[in-house]
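In what follows, a structure is listed as structure tokens, so that the remarks can point back to it.
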Amino acid sequence: MMRIGIISDTHGLLRPEVAARFTGVHHIIHAGDIGRPEVISELCKIAPVTAIRGNIDRAAWAAGYPHTALVELAGRSIHVLHNLAELGLDPAAAGIDVVVSGHSHRPKIETVGGVVYLNPGSAGPRRFSLPIALATLELSGDAIRPCIHEVARKPLGDSDVSQAPGKARSPQRKRHAS
């Protein structure tokens, strides 16, 4: 079995909980909006990293990161891009097993036409009432098991970045899909 850490939208912040959650992963995929090169340096201390740039990654340090990546891990084909709306191919026709994206800050797992679409959400600064999350992806035999993990719950009175006024935050739970 291969276990992959999936993260996106760190916006320059790598929380200490990420290292704990990614302990034992064989590879890490960062789906863009890295924010600072140190984020990738720290992730590389955990496991090998495949990273792409997102819409905020415009500084000179980000020039070496591609806009998309195709990763082959454990016999599976994983297409990585930041904004799913910019997917310019038919993943099923291209033989892709998993599409990893970010950008929306909304964690989501969906299977369409035999392809798993995985958005880990944002692991960076809190944005409005969205959860701070990342994902893991387990690959073994014929099984593809994505899982969303909430990294930090918003305690009462926390003003990490901005909470949209009048929006109640519903508790997020660990979700699995197969």
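Residues in the structure tokens are named by chain (A, B, ... in the order shown) and by number from 1 within that chain; ligands are numbered from 1 in the order shown.
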(message) Which residues are near Ala69 in chain A? Cut-off 10 Å, only C-alpha atoms, ignore same chain within fewer than 6 positions. Put them as a PyMOL selection string.
(response) chain A and resi 29+31+50-53+78-81+100
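Non-sequential neighbours of Val99 in chain A (distance at most 10 Å, separation of 5 or more positions within a chain, only C-alpha atoms) are Leu70, Ser77, Ile78, His79, Val80, Leu81, Leu84, Leu87, Pro91, Glu110, Thr111, Val115, Val116, Tyr117, Leu118 and Asn119 of chain A.
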Would you save the residues of that selection, restricted to N, CA, C and O atoms, as a PDB file, in the first residue's frame?
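Result saved to selection-v5.pdb:
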ATOM      1  N   LEU A  70       1.673  15.501 -13.949  1.00  0.00           N
ATOM      2  CA  LEU A  70       1.141  14.150 -14.060  1.00  0.00           C
ATOM      3  C   LEU A  70       2.087  13.263 -13.267  1.00  0.00           C
ATOM      4  O   LEU A  70       3.286  13.197 -13.566  1.00  0.00           O
ATOM      5  N   SER A  77      -2.234   6.867 -12.166  1.00  0.00           N
ATOM      6  CA  SER A  77      -1.945   8.136 -12.821  1.00  0.00           C
ATOM      7  C   SER A  77      -2.720   9.249 -12.111  1.00  0.00           C
ATOM      8  O   SER A  77      -3.946   9.192 -12.017  1.00  0.00           O
ATOM      9  N   ILE A  78      -1.981  10.249 -11.622  1.00  0.00           N
ATOM     10  CA  ILE A  78      -2.583  11.346 -10.863  1.00  0.00           C
ATOM     11  C   ILE A  78      -2.275  12.657 -11.573  1.00  0.00           C
ATOM     12  O   ILE A  78      -1.109  13.015 -11.761  1.00  0.00           O
ATOM     13  N   HIS A  79      -3.328  13.363 -11.977  1.00  0.00           N
ATOM     14  CA  HIS A  79      -3.185  14.666 -12.635  1.00  0.00           C
ATOM     15  C   HIS A  79      -3.401  15.749 -11.584  1.00  0.00           C
ATOM     16  O   HIS A  79      -4.404  15.736 -10.870  1.00  0.00           O
ATOM     17  N   VAL A  80      -2.458  16.680 -11.494  1.00  0.00           N
ATOM     18  CA  VAL A  80      -2.515  17.736 -10.483  1.00  0.00           C
ATOM     19  C   VAL A  80      -2.626  19.087 -11.176  1.00  0.00           C
ATOM     20  O   VAL A  80      -1.844  19.394 -12.086  1.00  0.00           O
ATOM     21  N   LEU A  81      -3.602  19.884 -10.765  1.00  0.00           N
ATOM     22  CA  LEU A  81      -3.744  21.262 -11.240  1.00  0.00           C
ATOM     23  C   LEU A  81      -4.346  22.071 -10.106  1.00  0.00           C
ATOM     24  O   LEU A  81      -4.904  21.508  -9.165  1.00  0.00           O
ATOM     25  N   LEU A  84      -9.685  23.431 -10.781  1.00  0.00           N
ATOM     26  CA  LEU A  84     -10.377  22.385 -11.542  1.00  0.00           C
ATOM     27  C   LEU A  84     -11.101  22.944 -12.758  1.00  0.00           C
ATOM     28  O   LEU A  84     -11.230  22.263 -13.778  1.00  0.00           O
ATOM     29  N   LEU A  87      -9.300  22.484 -16.063  1.00  0.00           N
ATOM     30  CA  LEU A  87      -8.962  21.147 -16.537  1.00  0.00           C
ATOM     31  C   LEU A  87      -9.228  21.088 -18.038  1.00  0.00           C
ATOM     32  O   LEU A  87     -10.363  21.200 -18.477  1.00  0.00           O
ATOM     33  N   PRO A  91     -10.126  13.332 -18.230  1.00  0.00           N
ATOM     34  CA  PRO A  91      -9.261  12.428 -17.470  1.00  0.00           C
ATOM     35  C   PRO A  91      -9.514  10.947 -17.744  1.00  0.00           C
ATOM     36  O   PRO A  91      -8.568  10.176 -17.851  1.00  0.00           O
ATOM     37  N   GLU A 110     -15.061  13.283  -4.982  1.00  0.00           N
ATOM     38  CA  GLU A 110     -16.137  12.910  -5.894  1.00  0.00           C
ATOM     39  C   GLU A 110     -15.567  11.942  -6.927  1.00  0.00           C
ATOM     40  O   GLU A 110     -14.443  12.101  -7.373  1.00  0.00           O
ATOM     41  N   THR A 111     -16.350  10.953  -7.297  1.00  0.00           N
ATOM     42  CA  THR A 111     -15.951  10.038  -8.365  1.00  0.00           C
ATOM     43  C   THR A 111     -16.906  10.230  -9.529  1.00  0.00           C
ATOM     44  O   THR A 111     -18.119  10.136  -9.376  1.00  0.00           O
ATOM     45  N   VAL A 115     -13.181   8.227 -12.363  1.00  0.00           N
ATOM     46  CA  VAL A 115     -12.048   9.069 -11.966  1.00  0.00           C
ATOM     47  C   VAL A 115     -12.367   9.697 -10.611  1.00  0.00           C
ATOM     48  O   VAL A 115     -13.451  10.244 -10.415  1.00  0.00           O
ATOM     49  N   VAL A 116     -11.420   9.613  -9.681  1.00  0.00           N
ATOM     50  CA  VAL A 116     -11.578  10.249  -8.369  1.00  0.00           C
ATOM     51  C   VAL A 116     -11.099  11.693  -8.470  1.00  0.00           C
ATOM     52  O   VAL A 116      -9.972  11.948  -8.905  1.00  0.00           O
ATOM     53  N   TYR A 117     -11.966  12.630  -8.086  1.00  0.00           N
ATOM     54  CA  TYR A 117     -11.611  14.050  -8.020  1.00  0.00           C
ATOM     55  C   TYR A 117     -11.431  14.383  -6.549  1.00  0.00           C
ATOM     56  O   TYR A 117     -12.351  14.196  -5.749  1.00  0.00           O
ATOM     57  N   LEU A 118     -10.247  14.883  -6.197  1.00  0.00           N
ATOM     58  CA  LEU A 118      -9.924  15.151  -4.805  1.00  0.00           C
ATOM     59  C   LEU A 118      -9.424  16.576  -4.636  1.00  0.00           C
ATOM     60  O   LEU A 118      -8.433  16.970  -5.245  1.00  0.00           O
ATOM     61  N   ASN A 119     -10.141  17.349  -3.842  1.00  0.00           N
ATOM     62  CA  ASN A 119      -9.695  18.679  -3.445  1.00  0.00           C
ATOM     63  C   ASN A 119      -9.495  18.611  -1.937  1.00  0.00           C
ATOM     64  O   ASN A 119     -10.457  18.395  -1.198  1.00  0.00           O
TER      65      ASN A 119
END
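In terms of minimum interatomic distance to Ser122 in chain A, A:Leu14 ranks closest within A:Leu14, A:Ala19, A:Tyr65, A:Arg145, counting only C-alpha atoms.
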Which residues in chain A does DSSP call strand (DSSP E or B)? List them as a PDB file with C-alpha atoms, in the first residue's frame.
ATOM      1  CA  MET A   2       1.165   3.516  -0.801  1.00  0.00           C
ATOM      2  CA  ARG A   3      -0.015   6.471   1.284  1.00  0.00           C
ATOM      3  CA  ILE A   4       0.131   9.960  -0.247  1.00  0.00           C
ATOM      4  CA  GLY A   5      -0.324  13.290   1.534  1.00  0.00           C
ATOM      5  CA  ILE A   6      -2.386  15.818  -0.430  1.00  0.00           C
ATOM      6  CA  ILE A   7      -2.269  19.515   0.481  1.00  0.00           C
ATOM      7  CA  HIS A  27       4.868  11.044  -1.252  1.00  0.00           C
ATOM      8  CA  ILE A  28       3.266  14.494  -0.905  1.00  0.00           C
ATOM      9  CA  ILE A  29       1.350  16.403  -3.580  1.00  0.00           C
ATOM     10  CA  HIS A  30       0.878  20.167  -3.192  1.00  0.00           C
ATOM     11  CA  VAL A  49       7.082  16.297  -3.019  1.00  0.00           C
ATOM     12  CA  THR A  50       5.366  17.003  -6.312  1.00  0.00           C
ATOM     13  CA  ALA A  51       4.177  20.612  -6.344  1.00  0.00           C
ATOM     14  CA  THR A  68       0.076  21.085 -13.893  1.00  0.00           C
ATOM     15  CA  ALA A  69       1.769  17.775 -13.198  1.00  0.00           C
ATOM     16  CA  LEU A  70       1.141  14.150 -14.060  1.00  0.00           C
ATOM     17  CA  VAL A  71       2.392  11.817 -11.336  1.00  0.00           C
ATOM     18  CA  GLU A  72       2.601   8.024 -11.569  1.00  0.00           C
ATOM     19  CA  LEU A  73       2.498   6.436  -8.111  1.00  0.00           C
ATOM     20  CA  ARG A  76      -1.856   4.993 -10.721  1.00  0.00           C
ATOM     21  CA  SER A  77      -1.945   8.136 -12.821  1.00  0.00           C
ATOM     22  CA  ILE A  78      -2.583  11.346 -10.863  1.00  0.00           C
ATOM     23  CA  HIS A  79      -3.185  14.666 -12.635  1.00  0.00           C
ATOM     24  CA  VAL A  80      -2.515  17.736 -10.483  1.00  0.00           C
ATOM     25  CA  LEU A  81      -3.744  21.262 -11.240  1.00  0.00           C
ATOM     26  CA  VAL A  98      -7.160  10.680  -9.803  1.00  0.00           C
ATOM     27  CA  VAL A  99      -7.447  14.437 -10.393  1.00  0.00           C
ATOM     28  CA  VAL A 100      -6.092  16.545  -7.531  1.00  0.00           C
ATOM     29  CA  LYS A 108     -14.297  17.553  -1.687  1.00  0.00           C
ATOM     30  CA  ILE A 109     -14.129  13.955  -2.865  1.00  0.00           C
ATOM     31  CA  GLU A 110     -16.137  12.910  -5.894  1.00  0.00           C
ATOM     32  CA  THR A 111     -15.951  10.038  -8.365  1.00  0.00           C
ATOM     33  CA  VAL A 112     -17.104  10.759 -11.909  1.00  0.00           C
ATOM     34  CA  VAL A 115     -12.048   9.069 -11.966  1.00  0.00           C
ATOM     35  CA  VAL A 116     -11.578  10.249  -8.369  1.00  0.00           C
ATOM     36  CA  TYR A 117     -11.611  14.050  -8.020  1.00  0.00           C
ATOM     37  CA  LEU A 118      -9.924  15.151  -4.805  1.00  0.00           C
ATOM     38  CA  ASN A 119      -9.695  18.679  -3.445  1.00  0.00           C
ATOM     39  CA  SER A 122      -6.987  24.743   2.328  1.00  0.00           C
ATOM     40  CA  ARG A 127     -10.800  31.831   5.091  1.00  0.00           C
ATOM     41  CA  ILE A 132      -8.670  23.988   7.489  1.00  0.00           C
ATOM     42  CA  ALA A 133      -8.059  20.635   5.879  1.00  0.00           C
ATOM     43  CA  LEU A 134      -5.787  18.326   3.927  1.00  0.00           C
ATOM     44  CA  ALA A 135      -6.186  14.842   2.538  1.00  0.00           C
ATOM     45  CA  THR A 136      -4.530  11.477   2.308  1.00  0.00           C
ATOM     46  CA  LEU A 137      -4.790   9.061  -0.572  1.00  0.00           C
ATOM     47  CA  GLU A 138      -4.176   5.349  -0.101  1.00  0.00           C
ATOM     48  CA  LEU A 139      -3.405   3.252  -3.159  1.00  0.00           C
ATOM     49  CA  SER A 140      -3.328  -0.534  -2.925  1.00  0.00           C
ATOM     50  CA  ALA A 143      -8.346   0.338  -4.332  1.00  0.00           C
ATOM     51  CA  ILE A 144      -8.118   4.125  -4.296  1.00  0.00           C
ATOM     52  CA  ARG A 145      -9.045   5.481  -0.862  1.00  0.00           C
ATOM     53  CA  PRO A 146      -9.112   9.279  -0.471  1.00  0.00           C
ATOM     54  CA  CYS A 147      -9.810  10.785   2.930  1.00  0.00           C
ATOM     55  CA  ILE A 148     -10.269  14.419   4.018  1.00  0.00           C
ATOM     56  CA  HIS A 149      -8.803  15.377   7.401  1.00  0.00           C
ATOM     57  CA  GLU A 150      -9.701  18.575   9.208  1.00  0.00           C
ATOM     58  CA  VAL A 151      -6.459  19.954  10.611  1.00  0.00           C
ATOM     59  CA  ALA A 152      -7.607  22.739  12.922  1.00  0.00           C
ATOM     60  CA  SER A 162     -11.609  36.301   8.546  1.00  0.00           C
ATOM     61  CA  ARG A 175     -14.890  11.833   5.520  1.00  0.00           C
ATOM     62  CA  HIS A 176     -13.998   8.740   3.533  1.00  0.00           C
TER      63      HIS A 176
END
(message) Just the number, please: distance in Å from CA of Arg15 in chain A to CA of Pro125 in chain A, one decimal.
(response) 9.2 Å
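Of note, CA of Met1 in chain A and CA of Gly114 in chain A are spaced 20.2 Å apart.
Inside range 2-138 of chain A, the residues DSSP reads as alpha helix (DSSP H) when given the backbone are Pro16, Glu17, Val18, Ala19, Ala20, Arg21, Pro37, Glu38, Val39, Ile40, Ser41, Glu42, Leu43 and Cys44 of chain A.
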